Amino acid sequence: MKPHYSIVKLSFLVLFATAGFAFAPVAFGQADLTINVTVITSEHSRDSNSTTKSLKVSGKSLAYSETYHGAQSGRRPPIEKEFKLTDDDRARLIRLLKDHALLITRSIEKPDSDFPGRDFELRIAAKLAGKKSLISIEAPRSATELKNNPLYQGSVLFISELFKIINRTDPDITFGELVR
């Protein structure tokens, strides 16, 4: 009887171990991670123009696009590229979202005090483990008080991490300062 007991015990152990590995991504909240980031920088003057950078994390890929509008936009062709995400990349992104309290819905709007001037908009829409969040920040690029705002700091740090992933294979794609 003892050998039968050991085989049953071993079977249950293997079954639970296999089930644990099969559901590991779900258990850590990584199964349904999607992120959409949009950063728009604009200049309002006689030669008004804007640049839109969009980043989308879905599955094991990071899609990047960049478009231009306004004055002399015809001279700059749009950019569209896709990059691979590792499991470590996804885990780091999730950790940043959690550690910097970016899995919330909040917005910051600062009036444009130096019109005509330069401004920016950033949006981080995330979905993780069925929970959706949206960060939205709109301000003039001269709003230096934002540099001390934790929501702004965390958002910029998170976006910078996405660009670090991109820069592993394409160092020409950059993310500049939003507030100067």
# chains A, B, ... in the order shown; residues from 1 in each chain; ligands from 1
$ closest_atom_pairs --of "segment 90-171 of chain A" --to "segment 49-68 of chain A" --cutoff "9 Å" --atoms "only C-alpha atoms" --output "CSV"
residue,atom,partner,partner_atom,distance
A:Arg90,CA,A:Lys60,CA,7.9
A:Ile159,CA,A:Leu55,CA,8.9
A:Leu162,CA,A:Leu55,CA,8.0
A:Ile165,CA,A:Leu62,CA,8.6
A:Ile166,CA,A:Leu62,CA,8.1
$ select_by_dssp --residues "chain A" --states "alpha helix (DSSP H)" --output "PyMOL selection string"
chain A and resi 2-22+24-27+87-99+150-167
$ atom_distance --atom1 "atom CA of Glu82 of chain A" --atom2 "atom CA of Gly176 of chain A"
20.0 Å
$ select_by_dssp --residues "segment 127-161 of chain A" --states "strand (DSSP E)" --output "JSON, numbers by chain"
{"A": [127, 128, 131, 132, 133, 134, 135, 136, 137, 138, 139, 140]}
$ closest_residue --among "A:Phe83, A:Asp89, A:Ser155, A:His44" --to "Gly70 of chain A" --atoms "only C-alpha atoms"
A:His44
